[in-house]
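Asker: So here's start.cif, just mmCIF, N, CA and C atoms:
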```cif
data_target
#
loop_
_atom_site.label_atom_id
_atom_site.label_comp_id
_atom_site.auth_asym_id
_atom_site.auth_seq_id
_atom_site.Cartn_x
_atom_site.Cartn_y
_atom_site.Cartn_z
N MET A 1 91.05 90.68 84.97
CA MET A 1 91.45 91.35 86.20
C MET A 1 92.39 90.42 86.97
N ASP A 2 93.51 90.96 87.43
CA ASP A 2 94.42 90.11 88.20
C ASP A 2 93.97 90.07 89.66
N LYS A 3 94.63 89.22 90.44
CA LYS A 3 94.19 89.01 91.83
C LYS A 3 94.33 90.28 92.68
N TRP A 4 95.35 91.11 92.39
CA TRP A 4 95.51 92.34 93.17
C TRP A 4 94.42 93.35 92.83
N GLN A 5 94.10 93.48 91.54
CA GLN A 5 93.00 94.38 91.17
C GLN A 5 91.71 93.95 91.85
N LYS A 6 91.46 92.66 91.86
CA LYS A 6 90.25 92.15 92.51
C LYS A 6 90.25 92.49 94.00
N ARG A 7 91.38 92.31 94.65
CA ARG A 7 91.47 92.63 96.08
C ARG A 7 91.19 94.11 96.33
N PHE A 8 91.78 94.97 95.52
CA PHE A 8 91.60 96.41 95.73
C PHE A 8 90.17 96.84 95.40
N PHE A 9 89.55 96.22 94.39
CA PHE A 9 88.14 96.52 94.11
C PHE A 9 87.25 96.00 95.23
N ASP A 10 87.56 94.81 95.75
CA ASP A 10 86.78 94.28 96.87
C ASP A 10 86.85 95.24 98.07
N LEU A 11 88.05 95.76 98.32
CA LEU A 11 88.20 96.70 99.43
C LEU A 11 87.46 98.01 99.14
N ALA A 12 87.58 98.53 97.92
CA ALA A 12 86.87 99.77 97.56
C ALA A 12 85.36 99.57 97.69
N ARG A 13 84.87 98.41 97.31
CA ARG A 13 83.44 98.11 97.43
C ARG A 13 83.03 98.10 98.91
N LEU A 14 83.86 97.50 99.75
CA LEU A 14 83.58 97.48 101.19
C LEU A 14 83.60 98.90 101.77
N VAL A 15 84.63 99.66 101.44
CA VAL A 15 84.75 101.03 101.94
C VAL A 15 83.54 101.86 101.49
N ALA A 16 83.04 101.62 100.30
CA ALA A 16 81.86 102.35 99.80
C ALA A 16 80.66 102.16 100.72
N THR A 17 80.55 101.00 101.35
CA THR A 17 79.40 100.73 102.22
C THR A 17 79.44 101.57 103.49
N TRP A 18 80.56 102.19 103.78
CA TRP A 18 80.67 103.05 104.96
C TRP A 18 79.96 104.39 104.75
N SER A 19 79.68 104.73 103.49
CA SER A 19 79.00 105.98 103.18
C SER A 19 77.55 105.92 103.64
N LYS A 20 77.08 107.03 104.17
CA LYS A 20 75.68 107.13 104.58
C LYS A 20 74.81 107.74 103.50
N ASP A 21 75.39 108.04 102.34
CA ASP A 21 74.64 108.62 101.23
C ASP A 21 73.59 107.61 100.78
N PRO A 22 72.31 108.00 100.79
CA PRO A 22 71.26 107.05 100.44
C PRO A 22 71.17 106.72 98.94
N SER A 23 71.83 107.52 98.08
CA SER A 23 71.68 107.27 96.64
C SER A 23 72.96 106.80 95.96
N SER A 24 74.12 107.17 96.46
CA SER A 24 75.38 106.78 95.82
C SER A 24 76.42 106.48 96.87
N GLN A 25 76.93 105.27 96.84
CA GLN A 25 77.99 104.89 97.76
C GLN A 25 79.23 104.60 96.92
N VAL A 26 80.29 105.36 97.19
CA VAL A 26 81.52 105.25 96.41
C VAL A 26 82.68 105.00 97.36
N GLY A 27 83.59 104.12 96.94
CA GLY A 27 84.79 103.86 97.72
C GLY A 27 86.03 104.03 96.87
N ALA A 28 87.12 104.45 97.49
CA ALA A 28 88.39 104.63 96.79
C ALA A 28 89.51 104.05 97.62
N VAL A 29 90.45 103.41 96.94
CA VAL A 29 91.63 102.84 97.60
C VAL A 29 92.85 103.30 96.80
N ILE A 30 93.79 103.93 97.51
CA ILE A 30 95.02 104.38 96.87
C ILE A 30 96.14 103.44 97.28
N VAL A 31 96.87 102.94 96.27
CA VAL A 31 97.97 102.00 96.54
C VAL A 31 99.24 102.49 95.87
N ASP A 32 100.37 102.14 96.47
CA ASP A 32 101.64 102.53 95.87
C ASP A 32 102.14 101.44 94.93
N ASP A 33 103.32 101.64 94.39
CA ASP A 33 103.85 100.70 93.39
C ASP A 33 104.26 99.36 93.98
N LYS A 34 104.25 99.24 95.29
CA LYS A 34 104.55 97.96 95.95
C LYS A 34 103.28 97.27 96.45
N LYS A 35 102.13 97.74 95.97
CA LYS A 35 100.81 97.20 96.32
C LYS A 35 100.46 97.40 97.80
N ARG A 36 101.03 98.45 98.39
CA ARG A 36 100.70 98.79 99.77
C ARG A 36 99.60 99.84 99.76
N ILE A 37 98.62 99.66 100.63
CA ILE A 37 97.52 100.60 100.72
C ILE A 37 98.01 101.86 101.42
N VAL A 38 97.86 102.99 100.75
CA VAL A 38 98.28 104.28 101.27
C VAL A 38 97.11 104.97 101.96
N SER A 39 95.91 104.85 101.39
CA SER A 39 94.75 105.53 101.95
C SER A 39 93.47 104.94 101.37
N VAL A 40 92.38 105.14 102.08
CA VAL A 40 91.05 104.78 101.58
C VAL A 40 90.12 105.96 101.83
N GLY A 41 89.03 106.01 101.10
CA GLY A 41 88.04 107.06 101.31
C GLY A 41 86.68 106.65 100.80
N PHE A 42 85.66 107.25 101.36
CA PHE A 42 84.29 107.04 100.90
C PHE A 42 83.61 108.40 100.86
N ASN A 43 82.49 108.49 100.15
CA ASN A 43 81.80 109.77 100.05
C ASN A 43 80.99 110.03 101.31
N GLY A 44 81.15 111.24 101.83
CA GLY A 44 80.43 111.61 103.03
C GLY A 44 80.64 113.06 103.37
N LEU A 45 79.95 113.52 104.39
CA LEU A 45 80.09 114.90 104.82
C LEU A 45 81.41 115.07 105.55
N PRO A 46 81.95 116.29 105.57
CA PRO A 46 83.24 116.51 106.23
C PRO A 46 83.21 116.12 107.71
N ILE A 47 84.37 115.81 108.24
CA ILE A 47 84.51 115.45 109.65
C ILE A 47 83.93 116.57 110.51
N GLY A 48 83.08 116.19 111.45
CA GLY A 48 82.49 117.17 112.36
C GLY A 48 81.19 117.78 111.87
N VAL A 49 80.82 117.51 110.63
CA VAL A 49 79.56 118.03 110.08
C VAL A 49 78.52 116.92 110.19
N GLU A 50 77.40 117.24 110.82
CA GLU A 50 76.36 116.22 111.03
C GLU A 50 75.79 115.72 109.71
N ASP A 51 75.77 114.41 109.58
CA ASP A 51 75.18 113.81 108.38
C ASP A 51 73.75 113.39 108.68
N THR A 52 72.89 114.39 108.80
CA THR A 52 71.49 114.14 109.13
C THR A 52 70.76 113.58 107.90
N VAL A 53 69.67 112.91 108.18
CA VAL A 53 68.83 112.37 107.11
C VAL A 53 68.34 113.49 106.20
N GLU A 54 68.00 114.62 106.80
CA GLU A 54 67.52 115.75 106.01
C GLU A 54 68.58 116.23 105.02
N ARG A 55 69.81 116.35 105.47
CA ARG A 55 70.90 116.78 104.58
C ARG A 55 71.19 115.76 103.50
N LEU A 56 71.21 114.50 103.88
CA LEU A 56 71.54 113.45 102.91
C LEU A 56 70.44 113.22 101.88
N ASN A 57 69.20 113.53 102.24
CA ASN A 57 68.09 113.33 101.31
C ASN A 57 67.75 114.57 100.50
N ASN A 58 68.38 115.69 100.78
CA ASN A 58 68.20 116.92 100.01
C ASN A 58 69.35 116.98 99.01
N ARG A 59 69.10 116.53 97.79
CA ARG A 59 70.16 116.37 96.79
C ARG A 59 70.96 117.66 96.57
N GLU A 60 70.28 118.79 96.46
CA GLU A 60 70.98 120.07 96.23
C GLU A 60 71.93 120.39 97.38
N LEU A 61 71.45 120.25 98.60
CA LEU A 61 72.27 120.54 99.77
C LEU A 61 73.40 119.52 99.91
N LYS A 62 73.06 118.27 99.71
CA LYS A 62 74.06 117.20 99.82
C LYS A 62 75.22 117.44 98.86
N TYR A 63 74.92 117.81 97.62
CA TYR A 63 75.98 118.04 96.64
C TYR A 63 76.89 119.20 97.02
N GLU A 64 76.35 120.16 97.78
CA GLU A 64 77.17 121.28 98.23
C GLU A 64 78.08 120.89 99.40
N LEU A 65 77.69 119.87 100.15
CA LEU A 65 78.42 119.51 101.37
C LEU A 65 79.33 118.29 101.23
N ILE A 66 78.97 117.37 100.39
CA ILE A 66 79.64 116.06 100.39
C ILE A 66 81.08 116.15 99.88
N VAL A 67 81.92 115.34 100.50
CA VAL A 67 83.30 115.17 100.03
C VAL A 67 83.34 113.79 99.37
N HIS A 68 83.76 113.76 98.12
CA HIS A 68 83.76 112.50 97.37
C HIS A 68 84.84 111.55 97.88
N ALA A 69 84.64 110.28 97.60
CA ALA A 69 85.55 109.22 98.07
C ALA A 69 86.99 109.47 97.64
N GLU A 70 87.17 109.87 96.39
CA GLU A 70 88.52 110.07 95.87
C GLU A 70 89.21 111.22 96.60
N ALA A 71 88.49 112.32 96.80
CA ALA A 71 89.05 113.46 97.52
C ALA A 71 89.34 113.09 98.97
N ASN A 72 88.44 112.35 99.61
CA ASN A 72 88.67 111.92 100.98
C ASN A 72 89.94 111.07 101.08
N ALA A 73 90.12 110.16 100.15
CA ALA A 73 91.31 109.30 100.18
C ALA A 73 92.58 110.13 100.00
N ILE A 74 92.54 111.11 99.10
CA ILE A 74 93.72 111.96 98.86
C ILE A 74 93.99 112.84 100.09
N LEU A 75 92.94 113.46 100.61
CA LEU A 75 93.10 114.42 101.72
C LEU A 75 93.52 113.77 103.03
N THR A 76 93.14 112.51 103.24
CA THR A 76 93.46 111.84 104.51
C THR A 76 94.68 110.94 104.40
N ALA A 77 95.32 110.89 103.27
CA ALA A 77 96.52 110.06 103.10
C ALA A 77 97.62 110.56 104.04
N PRO A 78 98.29 109.64 104.72
CA PRO A 78 99.34 110.06 105.66
C PRO A 78 100.65 110.46 104.98
N LYS A 79 100.73 110.25 103.68
CA LYS A 79 101.92 110.64 102.93
C LYS A 79 101.52 111.00 101.51
N SER A 80 102.45 111.44 100.73
CA SER A 80 102.17 111.81 99.34
C SER A 80 101.60 110.63 98.57
N VAL A 81 100.66 110.93 97.71
CA VAL A 81 100.09 109.88 96.85
C VAL A 81 100.64 109.97 95.43
N ALA A 82 101.66 110.81 95.23
CA ALA A 82 102.28 110.94 93.91
C ALA A 82 102.79 109.58 93.45
N GLU A 83 102.55 109.29 92.19
CA GLU A 83 102.96 108.04 91.54
C GLU A 83 102.11 106.84 91.93
N CYS A 84 101.06 107.05 92.72
CA CYS A 84 100.21 105.95 93.17
C CYS A 84 99.11 105.64 92.14
N THR A 85 98.38 104.58 92.43
CA THR A 85 97.20 104.17 91.67
C THR A 85 95.99 104.29 92.58
N ILE A 86 94.88 104.78 92.04
CA ILE A 86 93.64 104.84 92.81
C ILE A 86 92.62 103.91 92.17
N TYR A 87 92.05 103.04 92.99
CA TYR A 87 90.96 102.14 92.57
C TYR A 87 89.68 102.76 93.09
N VAL A 88 88.72 102.96 92.19
CA VAL A 88 87.46 103.59 92.57
C VAL A 88 86.31 102.65 92.21
N TYR A 89 85.39 102.49 93.16
CA TYR A 89 84.21 101.66 92.94
C TYR A 89 82.98 102.46 93.32
N PRO A 90 81.95 102.51 92.51
CA PRO A 90 81.71 101.73 91.31
C PRO A 90 81.96 102.45 89.99
N TYR A 91 82.24 103.78 90.02
CA TYR A 91 82.31 104.53 88.77
C TYR A 91 83.59 105.33 88.65
N LEU A 92 83.82 105.83 87.44
CA LEU A 92 84.91 106.75 87.17
C LEU A 92 84.74 107.99 88.04
N PRO A 93 85.82 108.60 88.50
CA PRO A 93 85.70 109.84 89.28
C PRO A 93 85.02 110.95 88.48
N CYS A 94 84.37 111.87 89.20
CA CYS A 94 83.77 113.03 88.55
C CYS A 94 84.88 113.98 88.09
N SER A 95 84.51 115.00 87.35
CA SER A 95 85.51 115.93 86.82
C SER A 95 86.24 116.70 87.93
N ARG A 96 85.57 117.03 89.01
CA ARG A 96 86.25 117.72 90.12
C ARG A 96 87.27 116.81 90.79
N CYS A 97 86.90 115.56 91.01
CA CYS A 97 87.85 114.62 91.61
C CYS A 97 88.99 114.32 90.64
N ALA A 98 88.70 114.35 89.35
CA ALA A 98 89.77 114.16 88.36
C ALA A 98 90.83 115.23 88.54
N GLY A 99 90.40 116.47 88.77
CA GLY A 99 91.35 117.56 89.02
C GLY A 99 92.20 117.29 90.25
N ALA A 100 91.58 116.81 91.33
CA ALA A 100 92.32 116.50 92.56
C ALA A 100 93.30 115.35 92.32
N ILE A 101 92.88 114.37 91.53
CA ILE A 101 93.75 113.23 91.21
C ILE A 101 94.97 113.72 90.43
N ILE A 102 94.72 114.54 89.45
CA ILE A 102 95.82 115.07 88.63
C ILE A 102 96.78 115.88 89.50
N GLN A 103 96.24 116.81 90.29
CA GLN A 103 97.07 117.69 91.11
C GLN A 103 97.86 116.93 92.17
N SER A 104 97.33 115.80 92.65
CA SER A 104 98.01 115.02 93.69
C SER A 104 99.15 114.18 93.15
N GLY A 105 99.20 114.01 91.83
CA GLY A 105 100.27 113.22 91.23
C GLY A 105 99.96 111.75 91.04
N ILE A 106 98.71 111.36 91.32
CA ILE A 106 98.32 109.96 91.06
C ILE A 106 98.50 109.69 89.57
N LYS A 107 99.04 108.53 89.24
CA LYS A 107 99.37 108.24 87.85
C LYS A 107 98.41 107.27 87.16
N LYS A 108 97.58 106.57 87.94
CA LYS A 108 96.66 105.62 87.30
C LYS A 108 95.35 105.58 88.07
N VAL A 109 94.24 105.54 87.31
CA VAL A 109 92.90 105.38 87.87
C VAL A 109 92.35 104.07 87.32
N VAL A 110 91.91 103.20 88.22
CA VAL A 110 91.35 101.91 87.80
C VAL A 110 89.91 101.85 88.29
N VAL A 111 88.99 101.59 87.36
CA VAL A 111 87.57 101.52 87.68
C VAL A 111 86.97 100.27 87.03
N PRO A 112 85.90 99.75 87.63
CA PRO A 112 85.24 98.60 87.02
C PRO A 112 84.41 99.03 85.81
N ASP A 113 84.23 98.13 84.90
CA ASP A 113 83.43 98.38 83.70
C ASP A 113 81.96 98.13 84.04
N LEU A 114 81.34 99.12 84.64
CA LEU A 114 79.93 99.03 85.02
C LEU A 114 79.14 100.10 84.27
N GLU A 115 77.86 99.87 84.11
CA GLU A 115 77.01 100.84 83.42
C GLU A 115 76.92 102.12 84.24
N ILE A 116 77.14 103.24 83.58
CA ILE A 116 77.12 104.55 84.23
C ILE A 116 75.71 105.12 84.17
N PRO A 117 75.20 105.62 85.30
CA PRO A 117 73.88 106.27 85.26
C PRO A 117 73.89 107.41 84.24
N GLU A 118 72.81 107.54 83.50
CA GLU A 118 72.73 108.51 82.41
C GLU A 118 73.04 109.94 82.86
N ARG A 119 72.59 110.31 84.07
CA ARG A 119 72.79 111.69 84.53
C ARG A 119 74.26 112.05 84.73
N TRP A 120 75.16 111.04 84.77
CA TRP A 120 76.57 111.30 85.02
C TRP A 120 77.46 111.07 83.79
N ILE A 121 76.90 110.59 82.70
CA ILE A 121 77.71 110.21 81.53
C ILE A 121 78.56 111.38 81.02
N ASP A 122 77.97 112.55 80.83
CA ASP A 122 78.73 113.69 80.30
C ASP A 122 79.88 114.07 81.23
N ASN A 123 79.62 114.10 82.53
CA ASN A 123 80.66 114.48 83.48
C ASN A 123 81.78 113.43 83.50
N PHE A 124 81.43 112.17 83.46
CA PHE A 124 82.45 111.12 83.48
C PHE A 124 83.27 111.13 82.19
N ASN A 125 82.64 111.43 81.07
CA ASN A 125 83.39 111.55 79.81
C ASN A 125 84.38 112.71 79.89
N LEU A 126 83.96 113.83 80.47
CA LEU A 126 84.86 114.96 80.68
C LEU A 126 86.01 114.56 81.59
N SER A 127 85.70 113.86 82.64
CA SER A 127 86.71 113.40 83.59
C SER A 127 87.76 112.53 82.90
N LYS A 128 87.29 111.57 82.14
CA LYS A 128 88.21 110.67 81.42
C LYS A 128 89.10 111.47 80.47
N THR A 129 88.52 112.43 79.79
CA THR A 129 89.27 113.26 78.85
C THR A 129 90.38 114.03 79.57
N VAL A 130 90.05 114.71 80.68
CA VAL A 130 91.08 115.52 81.34
C VAL A 130 92.13 114.65 82.02
N LEU A 131 91.72 113.51 82.57
CA LEU A 131 92.70 112.61 83.17
C LEU A 131 93.73 112.17 82.12
N GLU A 132 93.23 111.71 80.99
CA GLU A 132 94.13 111.23 79.94
C GLU A 132 94.97 112.37 79.36
N GLU A 133 94.36 113.54 79.21
CA GLU A 133 95.10 114.70 78.70
C GLU A 133 96.26 115.06 79.62
N ALA A 134 96.06 114.86 80.92
CA ALA A 134 97.10 115.19 81.90
C ALA A 134 98.11 114.05 82.09
N GLY A 135 97.94 112.97 81.35
CA GLY A 135 98.89 111.87 81.44
C GLY A 135 98.58 110.84 82.50
N VAL A 136 97.36 110.87 83.04
CA VAL A 136 96.94 109.87 84.01
C VAL A 136 96.31 108.71 83.24
N GLU A 137 96.82 107.52 83.45
CA GLU A 137 96.27 106.34 82.78
C GLU A 137 94.91 106.00 83.39
N VAL A 138 93.93 105.75 82.54
CA VAL A 138 92.61 105.33 82.99
C VAL A 138 92.40 103.90 82.50
N LEU A 139 92.20 103.00 83.44
CA LEU A 139 92.03 101.60 83.12
C LEU A 139 90.63 101.18 83.58
N ILE A 140 89.82 100.75 82.61
CA ILE A 140 88.46 100.28 82.90
C ILE A 140 88.47 98.77 82.71
N VAL A 141 88.22 98.03 83.80
CA VAL A 141 88.35 96.58 83.76
C VAL A 141 87.04 95.88 84.09
N PRO A 142 86.75 94.79 83.38
CA PRO A 142 85.56 94.01 83.72
C PRO A 142 85.72 93.37 85.09
N LEU A 143 84.67 93.36 85.87
CA LEU A 143 84.73 92.77 87.21
C LEU A 143 84.70 91.24 87.18
N ASP A 144 84.20 90.68 86.11
CA ASP A 144 84.01 89.22 86.09
C ASP A 144 85.20 88.45 85.53
N GLU A 145 86.30 89.11 85.27
CA GLU A 145 87.49 88.38 84.77
C GLU A 145 88.17 87.64 85.89
#
```
Would you mind giving the structure from this file in structure tokens?

Answerer:
Amino acid sequence: MDKWQKRFFDLARLVATWSKDPSSQVGAVIVDDKKRIVSVGFNGLPIGVEDTVERLNNRELKYELIVHAEANAILTAPKSVAECTIYVYPYLPCSRCAGAIIQSGIKKVVVPDLEIPERWIDNFNLSKTVLEEAGVEVLIVPLDE
């Protein structure tokens, strides 16, 4: 991992801590080809929607309400993210976020090489497949390099 990748992963890890989700904290950082940060996002409920303990601890309800880190970063970007790179911590984007990444024109997804929870393996494999099929480079890098 080069020094810039480490910096962007460190930032994505920090941004992930802003999430109030008690089970999964995810952060995303979108950067342009000049290594300028375009946007950041974390997983959470939409702006103006109360993130009560009851909602966050009810997995079924939470999944219906939550906006993922990658989508938040894309949706709140002050300019186009086409041709950008998105750094996501700690896991590969889900298949729905993969669709948003593809549609937004992001050209590269960089994720750390961490063990994926078993319940998400099939979805992440689908995500990787569609990203690559659409021409989005997926780079999985060890964190300890």

Asker: Run the PyMOL selection byres ((chain A and resi 144) around 8) mentally over the shown coordinates, then write out the matched residues as a ChimeraX atom specification, using the chain letters and numbers from the document.

Answerer: /A:1,113,141-143,145

Asker: In Å, rounded to a single decimal, give me how far atom CA of Lys20 of chain A is from atom CA of Ile102 of chain A.

Answerer: 26.9 Å

Asker: Have a look at A:Phe42, A:Phe8, A:Trp120, A:Tyr63 and name the one nearest to Tyr87 of chain A; count only C-alpha atoms.

Answerer: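 The answer is A:Phe8, which sits nearest to Tyr87 of chain A.
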
Asker: Could you give me, as a PyMOL selection string, each residue of chain A that DSSP assigns to alpha helix (DSSP H) when run on this structure's backbone?

Answerer: chain A and resi 3-16+53-57+59-65+69-75+95-104+121-133

Asker: Under the rule of at most 6.5 Å, produce a per-residue listing of segment 5-121 of chain A near segment 125-128 of chain A: chain, number, name, the closest pair of atoms, and the distance in Å, as a tab-separated table, using all atoms listed in the file.

Answerer:
```
residue	atom	partner	partner_atom	distance
A:Pro93	C	A:Ser127	CA	5.7
A:Cys94	C	A:Ser127	CA	4.9
A:Ser95	CA	A:Ser127	CA	4.3
A:Ala98	CA	A:Ser127	CA	5.7
A:Trp120	C	A:Asn125	N	5.9
A:Ile121	C	A:Asn125	N	4.1
```

Asker: Any idea what's packed within 7 Å of Pro78 of chain A, counting all atoms listed in the file, ignoring anything in its chain fewer than 3 positions away? Could you give it as a list of chain:residue names?

Answerer: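 Returned residues: A:Val38, A:Ser39, A:Leu75.
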
Asker: Just how far from atom CA of Glu60 of chain A is atom CA of Leu92 of chain A, in Å to one decimal?

Answerer: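 So the answer is 21.3 Å.
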
Asker: Just give me the gap between atom CA of Gly105 of chain A and atom N of Ala16 of chain A in Å, one decimal is fine.

Answerer: 22.7 Å
